[in-house]
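*Asks:* Structure file coords01.txt (compact mmCIF, C-alpha atoms) right here:
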```txt
# COMPACT_ATOMS: atom_id res chain seq x y z
CA MET A 1 57.04 -122.80 -148.01
CA ASP A 2 58.77 -123.80 -144.79
CA HIS A 3 62.36 -123.41 -143.69
CA ALA A 4 63.44 -126.87 -144.83
CA ASP A 5 61.98 -126.18 -148.30
CA ALA A 6 63.78 -122.85 -148.48
CA VAL A 7 67.11 -124.43 -147.55
CA ASN A 8 66.72 -127.43 -149.85
CA ARG A 9 65.82 -125.24 -152.80
CA GLN A 10 68.58 -122.69 -152.06
CA ALA A 11 65.76 -120.18 -152.06
CA THR A 12 67.95 -117.26 -150.98
CA GLU A 13 70.26 -117.59 -153.98
CA ARG A 14 67.46 -118.23 -156.44
CA TYR A 15 65.54 -115.24 -155.09
CA LEU A 16 68.53 -112.91 -155.44
CA LEU A 17 69.32 -114.21 -158.92
CA GLY A 18 65.70 -113.81 -160.03
CA GLN A 19 65.45 -117.53 -160.76
CA MET A 20 62.09 -118.00 -159.04
CA PRO A 21 58.72 -117.93 -160.75
CA GLU A 22 56.57 -115.14 -159.36
CA ALA A 23 54.40 -117.41 -157.21
CA GLU A 24 57.43 -119.00 -155.57
CA SER A 25 59.06 -115.60 -155.05
CA GLU A 26 55.94 -114.36 -153.25
CA ALA A 27 55.81 -117.53 -151.15
CA PHE A 28 59.44 -117.02 -150.16
CA GLU A 29 58.86 -113.37 -149.26
CA LEU A 30 55.89 -114.33 -147.12
CA HIS A 31 57.99 -117.03 -145.49
CA LEU A 32 60.57 -114.40 -144.52
CA PHE A 33 58.01 -112.81 -142.21
CA GLU A 34 57.99 -115.92 -140.08
CA CYS A 35 61.52 -117.30 -140.39
CA PRO A 36 64.38 -115.38 -138.75
CA ASP A 37 66.92 -117.87 -140.08
CA CYS A 38 65.97 -117.23 -143.69
CA VAL A 39 65.98 -113.49 -143.00
CA GLU A 40 69.51 -113.80 -141.64
CA ASP A 41 70.56 -115.90 -144.63
CA LEU A 42 69.09 -113.44 -147.12
CA GLU A 43 70.64 -110.53 -145.27
CA GLN A 44 74.09 -112.10 -145.42
CA ALA A 45 73.68 -112.88 -149.10
CA THR A 46 72.49 -109.32 -149.76
CA VAL A 47 75.44 -107.90 -147.83
CA PHE A 48 77.75 -110.15 -149.84
CA VAL A 49 76.27 -108.99 -153.16
CA GLU A 50 76.36 -105.28 -152.20
CA ASN A 51 79.97 -105.41 -151.07
CA ALA A 52 80.99 -107.63 -153.98
CA ARG A 53 79.58 -105.00 -156.35
CA ALA A 54 81.76 -102.38 -154.70
CA VAL A 55 84.86 -104.57 -154.87
CA LEU A 56 84.25 -105.80 -158.41
CA ALA A 57 83.97 -102.18 -159.51
CA GLU A 58 87.53 -101.55 -158.32
CA PRO A 59 90.35 -101.69 -160.89
CA GLU A 60 91.60 -105.24 -160.93
CA VAL A 61 95.10 -105.73 -159.50
CA ARG A 62 97.26 -108.09 -161.54
CA ARG A 63 97.31 -111.37 -159.68
CA GLU A 64 100.86 -112.68 -159.46
CA PRO A 65 101.67 -115.78 -157.45
CA VAL A 66 101.97 -115.00 -153.73
CA TRP A 67 105.51 -116.42 -153.52
CA THR A 68 106.74 -114.20 -156.35
CA ARG A 69 105.11 -111.18 -154.72
CA LEU A 70 106.75 -111.90 -151.35
CA ARG A 71 110.17 -112.44 -152.89
CA ARG A 72 109.86 -109.15 -154.75
CA LEU A 73 108.89 -107.31 -151.58
CA TRP A 74 111.74 -108.70 -149.45
CA SER A 75 114.33 -107.67 -151.98
CA ASP A 76 113.14 -104.07 -151.64
CA PRO A 77 114.93 -102.31 -148.70
CA VAL A 78 112.04 -99.84 -148.41
CA PHE A 79 109.87 -102.77 -147.37
CA ALA A 80 112.44 -105.07 -145.74
CA ALA A 81 113.80 -102.65 -143.10
CA PRO A 82 110.48 -101.68 -141.53
CA ALA A 83 109.24 -105.27 -141.92
CA ILE A 84 112.17 -106.57 -139.86
CA ALA A 85 111.50 -103.88 -137.24
CA THR A 86 107.83 -104.88 -137.16
CA LEU A 87 108.71 -108.53 -136.69
CA ALA A 88 110.98 -107.60 -133.79
CA LEU A 89 108.21 -105.56 -132.21
CA ALA A 90 105.77 -108.44 -132.71
CA ALA A 91 108.17 -110.74 -130.87
CA VAL A 92 108.20 -108.35 -127.91
CA ALA A 93 104.41 -108.06 -127.99
CA ILE A 94 104.00 -111.83 -127.97
CA TYR A 95 106.34 -112.07 -124.99
CA GLN A 96 104.38 -109.43 -123.11
CA ALA A 97 101.07 -111.12 -123.93
CA GLY A 98 102.48 -114.24 -122.34
CA LEU A 99 103.28 -112.27 -119.18
CA ILE A 100 99.77 -110.84 -119.06
CA ALA A 101 98.17 -114.25 -119.49
CA GLN A 102 100.13 -115.40 -116.48
CA ALA A 103 98.56 -112.70 -114.30
CA ARG A 104 95.43 -114.64 -113.48
CA LYS A 105 94.15 -112.66 -110.56
CA PRO A 106 90.46 -112.50 -109.52
CA GLN A 107 88.75 -109.42 -110.89
CA ALA A 108 85.46 -107.65 -110.16
CA ILE A 109 83.22 -107.13 -113.20
CA LEU A 110 80.22 -104.85 -113.47
CA ALA A 111 77.00 -106.67 -114.33
CA PHE A 112 73.87 -105.04 -115.73
CA ALA A 113 70.43 -106.64 -115.55
CA VAL A 114 68.63 -106.14 -118.86
CA ARG A 115 64.86 -106.54 -119.15
CA SER A 116 63.22 -108.32 -122.02
CA ALA A 117 61.42 -106.18 -124.61
CA ALA A 118 58.11 -107.59 -123.38
CA ARG A 119 58.69 -106.02 -120.00
CA GLY A 120 59.42 -102.52 -121.13
CA ALA A 121 61.65 -100.14 -123.02
CA GLY A 122 65.39 -100.74 -123.32
CA ASP A 123 67.64 -100.19 -120.32
CA ALA A 124 70.48 -97.70 -120.32
CA ILE A 125 73.77 -99.04 -119.03
CA ARG A 126 76.90 -97.06 -118.37
CA VAL A 127 80.32 -98.70 -118.45
CA PRO A 128 83.23 -96.91 -116.76
CA PRO A 129 86.04 -95.90 -119.11
CA ASP A 130 88.59 -98.15 -117.43
CA ALA A 131 86.44 -101.29 -117.45
CA ARG A 132 87.86 -104.13 -119.52
CA TYR A 133 84.71 -106.21 -119.33
CA PHE A 134 81.08 -105.88 -118.40
CA ALA A 135 78.34 -108.45 -118.08
CA LEU A 136 74.74 -108.51 -119.22
CA THR A 137 72.43 -110.44 -116.90
CA LEU A 138 69.37 -111.85 -118.64
CA ASP A 139 66.30 -113.32 -116.96
CA LEU A 140 65.23 -115.88 -119.53
CA PRO A 141 61.66 -117.12 -119.96
CA GLU A 142 61.05 -120.67 -118.83
CA SER A 143 62.24 -123.21 -121.35
CA SER A 144 63.34 -126.82 -121.35
CA LEU A 145 66.00 -126.30 -123.98
CA PRO A 146 69.54 -127.28 -122.97
CA ARG A 147 71.40 -124.55 -124.88
CA TYR A 148 70.81 -121.04 -126.07
CA ARG A 149 72.19 -118.82 -128.75
CA CYS A 150 72.41 -115.07 -128.22
CA ASP A 151 72.80 -112.71 -131.19
CA LEU A 152 73.62 -109.04 -130.62
CA TYR A 153 72.51 -106.51 -133.22
CA THR A 154 73.13 -102.81 -133.58
CA ALA A 155 70.18 -100.45 -134.01
CA SER A 156 70.69 -100.65 -137.75
CA GLY A 157 70.38 -104.42 -137.74
CA VAL A 158 74.05 -105.37 -138.09
CA LEU A 159 75.01 -108.55 -136.26
CA ARG A 160 77.91 -107.82 -133.92
CA PHE A 161 78.41 -111.22 -132.35
CA SER A 162 76.80 -114.53 -131.48
CA VAL A 163 77.45 -116.60 -128.39
CA GLU A 164 76.12 -119.97 -127.36
CA SER A 165 75.70 -121.15 -123.82
CA ASN A 166 74.36 -124.02 -121.80
CA ALA A 167 71.10 -123.21 -120.07
CA PRO A 168 71.59 -121.80 -116.57
CA ALA A 169 70.21 -123.70 -113.59
CA PRO A 170 66.46 -123.12 -113.12
CA GLY A 171 65.78 -119.73 -111.58
CA ASN A 172 69.21 -118.41 -112.45
CA PRO A 173 69.93 -115.74 -115.06
CA LEU A 174 72.12 -116.08 -118.12
CA ASN A 175 75.20 -113.87 -117.96
CA ILE A 176 77.10 -112.71 -121.02
CA LEU A 177 80.61 -111.32 -120.56
CA ILE A 178 81.53 -108.65 -123.08
CA PRO A 179 84.93 -106.97 -123.69
CA ALA A 180 84.19 -103.29 -123.10
CA ARG A 181 86.12 -102.14 -126.15
CA SER A 182 84.27 -104.45 -128.53
CA LEU A 183 81.10 -102.33 -128.51
CA GLU A 184 80.72 -98.65 -129.27
CA PRO A 185 78.17 -96.55 -127.37
CA GLY A 186 74.73 -96.87 -128.89
CA SER A 187 71.54 -98.90 -128.96
CA TYR A 188 71.62 -102.67 -129.23
CA MET A 189 69.20 -105.56 -129.38
CA LEU A 190 70.04 -109.01 -128.06
CA ARG A 191 68.00 -111.88 -129.44
CA VAL A 192 67.91 -115.17 -127.55
CA ARG A 193 66.96 -118.38 -129.29
CA GLY A 194 66.97 -121.92 -128.07
CA LEU A 195 69.17 -124.45 -129.80
CA GLN A 196 67.75 -127.80 -130.89
CA ASP A 197 70.27 -130.29 -132.26
CA SER A 198 72.68 -127.37 -132.68
CA GLN A 199 70.16 -125.55 -134.88
CA PRO A 200 68.61 -122.23 -133.79
CA GLY A 201 65.00 -122.61 -132.81
CA PRO A 202 62.23 -120.07 -132.25
CA GLU A 203 63.07 -116.77 -130.62
CA LEU A 204 62.60 -116.84 -126.86
CA ALA A 205 63.16 -113.22 -125.96
CA GLN A 206 64.57 -109.91 -127.09
CA TYR A 207 66.50 -107.50 -124.91
CA THR A 208 67.20 -103.93 -125.91
CA PHE A 209 69.63 -101.63 -124.19
CA THR A 210 71.56 -98.43 -124.73
CA LEU A 211 75.27 -98.57 -123.98
CA ARG A 212 77.01 -95.49 -122.67
CA LYS A 213 80.61 -95.15 -121.61
CA GLY A 214 82.23 -92.82 -119.17
CA SER A 215 82.15 -91.96 -115.50
CA GLY A 216 79.15 -90.62 -113.58
CA ALA A 217 75.85 -92.01 -112.41
CA GLN A 218 73.35 -93.40 -114.91
CA MET B 1 57.29 -111.08 -128.56
CA ALA B 2 57.47 -114.17 -130.76
CA TYR B 3 57.45 -113.79 -134.52
CA SER B 4 53.86 -114.77 -135.20
CA SER B 5 51.92 -113.73 -132.10
CA PHE B 6 49.95 -110.86 -133.61
CA ASP B 7 46.53 -110.63 -132.06
CA GLU B 8 43.71 -108.16 -131.57
CA ALA B 9 45.57 -106.53 -128.68
CA TYR B 10 48.59 -105.88 -130.88
CA VAL B 11 46.51 -104.38 -133.68
CA THR B 12 44.58 -102.29 -131.16
CA GLY B 13 47.92 -101.03 -129.90
CA LEU B 14 48.79 -99.88 -133.42
CA ARG B 15 45.40 -98.20 -133.76
CA GLU B 16 45.78 -96.42 -130.44
CA ARG B 17 49.37 -95.44 -131.25
CA ASN B 18 50.82 -97.32 -128.31
CA PRO B 19 54.50 -96.25 -128.51
CA GLU B 20 55.87 -99.59 -127.29
CA ILE B 21 53.88 -101.58 -129.82
CA GLU B 22 54.67 -99.13 -132.62
CA SER B 23 58.38 -99.39 -131.78
CA HIS B 24 58.16 -103.17 -131.78
CA PHE B 25 56.26 -103.15 -135.09
CA ILE B 26 58.90 -101.00 -136.77
CA ALA B 27 61.85 -102.94 -135.33
CA HIS B 28 60.22 -106.27 -136.13
CA PHE B 29 59.24 -105.65 -139.76
CA SER B 30 61.90 -103.20 -140.94
CA LYS B 31 64.55 -105.67 -141.95
CA VAL B 32 62.29 -108.07 -143.84
CA ILE B 33 60.61 -105.22 -145.70
CA TRP B 34 63.95 -103.69 -146.58
CA LEU B 35 65.37 -106.99 -147.87
CA ILE B 36 62.33 -107.52 -150.09
CA LEU B 37 62.40 -103.95 -151.39
CA ARG B 38 66.15 -104.03 -151.93
CA ASN B 39 65.67 -107.04 -154.19
CA ARG B 40 62.72 -105.53 -156.04
CA LEU B 41 63.95 -101.96 -156.42
CA ARG B 42 67.74 -102.27 -156.77
CA SER B 43 68.39 -98.63 -155.80
CA PRO B 44 69.31 -98.47 -152.08
CA GLN B 45 67.75 -95.03 -151.67
CA LEU B 46 64.54 -96.07 -153.39
CA ALA B 47 64.38 -99.16 -151.19
CA GLU B 48 64.80 -97.05 -148.08
CA ASP B 49 62.08 -94.61 -149.23
CA ALA B 50 59.79 -97.54 -149.97
CA ARG B 51 60.48 -99.08 -146.58
CA GLN B 52 59.50 -95.86 -144.82
CA GLU B 53 56.38 -95.56 -146.98
CA THR B 54 55.36 -99.16 -146.32
CA LEU B 55 55.63 -98.84 -142.56
CA LEU B 56 53.85 -95.51 -142.61
CA ARG B 57 50.97 -96.82 -144.72
CA VAL B 58 50.40 -99.76 -142.40
CA LEU B 59 50.48 -97.51 -139.36
CA GLN B 60 48.17 -94.98 -141.01
CA TYR B 61 45.77 -97.77 -141.93
CA PHE B 62 45.30 -98.75 -138.31
CA ARG B 63 45.43 -95.20 -136.95
CA SER B 64 42.51 -94.34 -139.21
CA GLY B 65 40.43 -96.85 -137.26
CA LYS B 66 40.50 -99.66 -139.77
CA ARG B 67 40.81 -103.25 -138.63
CA LEU B 68 42.10 -106.60 -139.77
CA GLU B 69 39.56 -109.39 -139.71
CA HIS B 70 42.38 -111.81 -138.90
CA PRO B 71 45.02 -109.98 -136.88
CA GLU B 72 47.36 -112.96 -137.05
CA ARG B 73 47.68 -112.21 -140.76
CA LEU B 74 49.34 -108.90 -140.07
CA PRO B 75 52.60 -110.11 -141.71
CA GLY B 76 50.68 -110.89 -144.89
CA PHE B 77 49.06 -107.46 -144.81
CA VAL B 78 52.46 -105.81 -144.40
CA HIS B 79 53.80 -107.91 -147.28
CA THR B 80 50.96 -106.85 -149.57
CA THR B 81 51.48 -103.21 -148.70
CA CYS B 82 55.21 -103.61 -149.33
CA LYS B 83 54.57 -105.08 -152.80
CA ASN B 84 52.14 -102.31 -153.71
CA VAL B 85 54.60 -99.63 -152.66
CA ALA B 86 57.34 -101.31 -154.69
CA LEU B 87 55.13 -101.41 -157.78
CA GLU B 88 54.25 -97.75 -157.39
CA MET B 89 57.91 -96.84 -156.97
CA ILE B 90 58.86 -98.78 -160.06
CA ARG B 91 56.15 -97.02 -162.06
CA ALA B 92 56.89 -93.58 -160.76
CA ASP B 93 60.66 -94.06 -160.39
CA SER B 94 60.65 -91.15 -158.03
CA ARG B 95 59.28 -90.24 -154.61
CA HIS B 96 55.60 -91.06 -154.39
CA PRO B 97 53.35 -87.98 -154.16
CA LYS B 98 51.81 -89.29 -150.92
CA MET B 99 55.20 -88.98 -149.24
CA ALA B 100 54.73 -85.20 -149.16
CA GLU B 101 51.53 -85.55 -147.13
CA THR B 102 52.80 -88.13 -144.73
CA ALA B 103 56.34 -86.84 -144.43
CA GLN B 104 55.46 -84.77 -141.36
CA GLU B 105 55.80 -87.87 -139.28
CA PRO B 106 58.86 -89.87 -140.34
CA VAL B 107 58.67 -93.46 -139.18
CA ASP B 108 62.00 -93.96 -137.49
CA GLN B 109 65.14 -92.16 -138.47
CA ARG B 110 67.25 -94.31 -136.14
CA ILE B 111 66.84 -97.43 -138.24
CA ASP B 112 68.74 -96.80 -141.48
CA LEU B 113 69.51 -100.19 -142.95
CA ASN B 114 71.67 -98.75 -145.73
CA VAL B 115 74.21 -97.23 -143.38
CA GLU B 116 76.53 -100.15 -142.79
CA ILE B 117 75.81 -102.49 -145.69
CA VAL B 118 79.03 -101.64 -147.53
CA ASN B 119 82.05 -100.94 -145.37
CA GLU B 120 85.80 -101.39 -145.51
CA GLU B 121 85.88 -104.42 -143.25
CA ARG B 122 83.35 -106.31 -145.37
CA LYS B 123 85.05 -105.26 -148.59
CA ARG B 124 88.32 -106.55 -147.22
CA VAL B 125 86.70 -109.90 -146.50
CA ILE B 126 85.05 -109.93 -149.93
CA ARG B 127 88.41 -109.34 -151.63
CA GLU B 128 89.75 -112.43 -149.86
CA VAL B 129 86.73 -114.48 -150.89
CA LEU B 130 86.88 -113.30 -154.49
CA ALA B 131 90.64 -113.85 -154.67
CA LYS B 132 90.04 -117.55 -154.02
CA LEU B 133 87.66 -117.85 -156.98
CA SER B 134 88.86 -118.56 -160.46
CA PRO B 135 89.06 -115.55 -162.80
CA ARG B 136 86.15 -117.08 -164.71
CA ASP B 137 83.93 -117.21 -161.61
CA ARG B 138 84.90 -113.67 -160.64
CA GLU B 139 83.97 -112.48 -164.09
CA LEU B 140 80.66 -114.33 -163.86
CA LEU B 141 79.83 -112.54 -160.62
CA ARG B 142 80.96 -109.22 -162.03
CA LEU B 143 78.76 -109.52 -165.10
CA VAL B 144 75.75 -110.68 -163.10
CA PHE B 145 75.91 -108.30 -160.12
CA LEU B 146 77.86 -105.29 -161.31
CA GLU B 147 77.04 -105.09 -165.01
CA GLU B 148 73.60 -106.66 -164.38
CA MET B 149 73.76 -108.47 -167.69
CA ASP B 150 70.99 -110.80 -168.63
CA LYS B 151 71.77 -114.05 -166.81
CA ALA B 152 70.81 -116.30 -169.70
CA GLU B 153 73.21 -114.33 -171.90
CA VAL B 154 75.98 -114.59 -169.28
CA CYS B 155 75.48 -118.37 -169.04
CA ARG B 156 75.52 -118.68 -172.83
CA ARG B 157 78.73 -116.67 -173.06
CA PHE B 158 80.46 -118.81 -170.45
CA HIS B 159 78.94 -122.09 -171.62
CA THR B 160 77.35 -122.73 -168.27
CA ASP B 161 73.83 -122.76 -166.78
CA GLU B 162 71.86 -120.97 -164.09
CA ASP B 163 72.33 -123.86 -161.66
CA TYR B 164 76.06 -123.15 -161.76
CA LEU B 165 75.41 -119.47 -160.99
CA ARG B 166 73.23 -120.38 -158.05
CA VAL B 167 75.80 -122.78 -156.59
CA LEU B 168 78.56 -120.21 -157.16
CA LEU B 169 76.63 -117.59 -155.21
CA HIS B 170 75.74 -120.10 -152.49
CA ARG B 171 79.37 -121.11 -151.94
CA ALA B 172 80.61 -117.54 -152.05
CA LYS B 173 78.00 -116.55 -149.47
CA LEU B 174 79.09 -119.41 -147.16
CA ARG B 175 82.74 -118.44 -147.50
CA PHE B 176 81.87 -114.82 -146.83
CA ARG B 177 79.90 -115.76 -143.73
CA ALA B 178 82.72 -117.96 -142.41
CA ALA B 179 85.34 -115.29 -143.10
CA LEU B 180 83.26 -112.59 -141.40
CA GLN B 181 82.72 -114.74 -138.32
CA LYS B 182 86.42 -115.53 -138.17
CA SER B 183 87.26 -111.85 -138.51
CA ALA B 184 84.73 -110.84 -135.82
CA HIS B 185 86.04 -113.53 -133.48
CA ALA B 186 89.63 -112.44 -134.04
CA ARG B 187 88.67 -108.83 -133.31
CA TRP B 188 86.75 -109.82 -130.18
CA THR B 189 89.61 -111.98 -128.94
CA LYS B 190 92.07 -109.16 -129.59
CA ASP B 191 89.93 -106.70 -127.60
CA ALA B 192 89.76 -109.15 -124.74
```
Take the structure in this file and express it as structure tokens.
*Replies:*
Amino acid sequence: MDHADAVNRQATERYLLGQMPEAESEAFELHLFECPDCVEDLEQATVFVENARAVLAEPEVRREPVWTRLRRLWSDPVFAAPAIATLALAAVAIYQAGLIAQARKPQAILAFAVRSAARGAGDAIRVPPDARYFALTLDLPESSLPRYRCDLYTASGVLRFSVESNAPAPGNPLNILIPARSLEPGSYMLRVRGLQDSQPGPELAQYTFTLRKGSGAQ
Amino acid sequence: MAYSSFDEAYVTGLRERNPEIESHFIAHFSKVIWLILRNRLRSPQLAEDARQETLLRVLQYFRSGKRLEHPERLPGFVHTTCKNVALEMIRADSRHPKMAETAQEPVDQRIDLNVEIVNEERKRVIREVLAKLSPRDRELLRLVFLEEMDKAEVCRRFHTDEDYLRVLLHRAKLRFRAALQKSAHARWTKDA
């Protein structure tokens, strides 16, 4: 079985629903060992099923039309008064966000060079508490691909984000800018794949690092 | 290291307990093994126990000096071990006796794939996805995944077929994926 077969046959769904004959199920499982895209697809489907089980086990709330529900809520002063206050606060927040966006001053950003897994154990990086952003600098292996996709995973295998980028000029690293508050301290793995016709290709490199926050030397 | 570049040097590294190669082996195979075991064993805890046992057995195999005639077939060897462990777990329906002997050296406590599978954020997204389905489709999913009713019986009851179930799951998965990405992007943009 190859990836195109798996996609065409909706192998992930048939596997989870037990709709595959045993031979096909084994072929799909073996295929998973060589296809990160099918692994990702099966993982998402598994996560969907696990969480759907939890939600479907909850007592079902009576589904009334949204408009009726809203009208009922607005006629209730217990809801309406704080809702109006919240809307007023939101208006102020939007105004302030506009002011902030106007403050486009140059800023210095800390950058951390991260080595690929092939070159050694994960690097430890420390981000100061007041940093809004930090950058990861990746030395990519040589490749002729025009674009890359970077997927960041936690130590437990949860995908935190994906970014795509044009390939840097030859000899230059790829830099990824990350909002400091978007990641908690911990261990992470960044997987870089080339993109061919907007589809992820084979993995090019893995980078592992441990994120720490706070002041002090590394 | 690329997905399929397992050679004699890699296997030798496992035999000689090279920490970097062992770490790579565990990180590389953990998720696939867990997904397979989660589908075969249903119980999350049993799947996690079986994952640990599978990785440990493969490591013990090489540490004992044994070899693979074709090192590039390491994934297949891991798969076979995984299936055997799953069968044993199903038969025993409890912790395998060998776990007591090998438990002195747990494989990797840092990688617990059960930890974040179900969480409030994902459940919130799932509620949105399920709310957009018809009551009939929600009930279909509930009977199949929560009640674990026989699928042929479910299809008979709802006058539908297993193709419909498959397409329903496929579309729900796509909606879930899109909603999660949108939620993650909104959170990332907000933090920025």
*Asks:* Might you pull out every residue within 12 Å of Ala11 of chain A, with only C-alpha atoms counted and same-chain residues fewer than 6 positions away left off, and present them as a list in words?
*Replies:*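 The contact residues come out as Met1, Asp2, His3, Ala4, Asp5, Leu17, Gly18, Gln19, Met20, Pro21, Glu24, Ser25, Glu26, Ala27, Phe28, Glu29, His31, Leu32, Cys38, Val39, Asp41, Leu42 and Ala45 of chain A; Arg166, Val167, Leu169 and His170 of chain B.
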*Asks:* Can you pull out the residues contacting Val58 of chain B? Cut-off 10 Å, using all atoms listed in the file, and skip same-chain residues under 2 positions away; I want them as an NGL selection string.
*Replies:* :B and (14 or 25 or 53-56 or 60-63 or 74 or 77-78 or 81-82)
*Asks:* Within 10 Å of Val144 of chain B, counting only C-alpha atoms, which residues qualify if same-chain residues fewer than 2 places away don't, as a PDB file with C-alpha atoms, in the frame of the given file?
*Replies:*
```
ATOM      1  CA  LEU A  17      69.320-114.210-158.920  1.00  0.00           C
ATOM      2  CA  ARG A  53      79.580-105.000-156.350  1.00  0.00           C
TER       3      ARG A  53
ATOM      4  CA  ARG B 138      84.900-113.670-160.640  1.00  0.00           C
ATOM      5  CA  GLU B 139      83.970-112.480-164.090  1.00  0.00           C
ATOM      6  CA  LEU B 140      80.660-114.330-163.860  1.00  0.00           C
ATOM      7  CA  LEU B 141      79.830-112.540-160.620  1.00  0.00           C
ATOM      8  CA  ARG B 142      80.960-109.220-162.030  1.00  0.00           C
ATOM      9  CA  LEU B 146      77.860-105.290-161.310  1.00  0.00           C
ATOM     10  CA  GLU B 147      77.040-105.090-165.010  1.00  0.00           C
ATOM     11  CA  GLU B 148      73.600-106.660-164.380  1.00  0.00           C
ATOM     12  CA  MET B 149      73.760-108.470-167.690  1.00  0.00           C
ATOM     13  CA  ASP B 150      70.990-110.800-168.630  1.00  0.00           C
ATOM     14  CA  LYS B 151      71.770-114.050-166.810  1.00  0.00           C
ATOM     15  CA  ALA B 152      70.810-116.300-169.700  1.00  0.00           C
ATOM     16  CA  GLU B 153      73.210-114.330-171.900  1.00  0.00           C
ATOM     17  CA  VAL B 154      75.980-114.590-169.280  1.00  0.00           C
ATOM     18  CA  CYS B 155      75.480-118.370-169.040  1.00  0.00           C
ATOM     19  CA  LEU B 165      75.410-119.470-160.990  1.00  0.00           C
TER      20      LEU B 165
END
```
*Asks:* For chain A, which residues have at least one atom within 6 Å of chain B, if we go by all atoms listed in the file? Write them as a VMD selection string, please.
*Replies:* chain A and resid 13 34 45 47 51 53 56 156 179
*Asks:* Need the shell around segment 190-205 of chain A: protein/DNA/RNA residues with any atom at most 10 Å away, counting all atoms listed in the file. Skip same-chain ones fewer than 2 positions apart. Format as an MDAnalysis selection string?
*Replies:* (chainID A and resid 34:37 114:118 138:154 159:167 188 207:209) or (chainID B and resid 1:3)
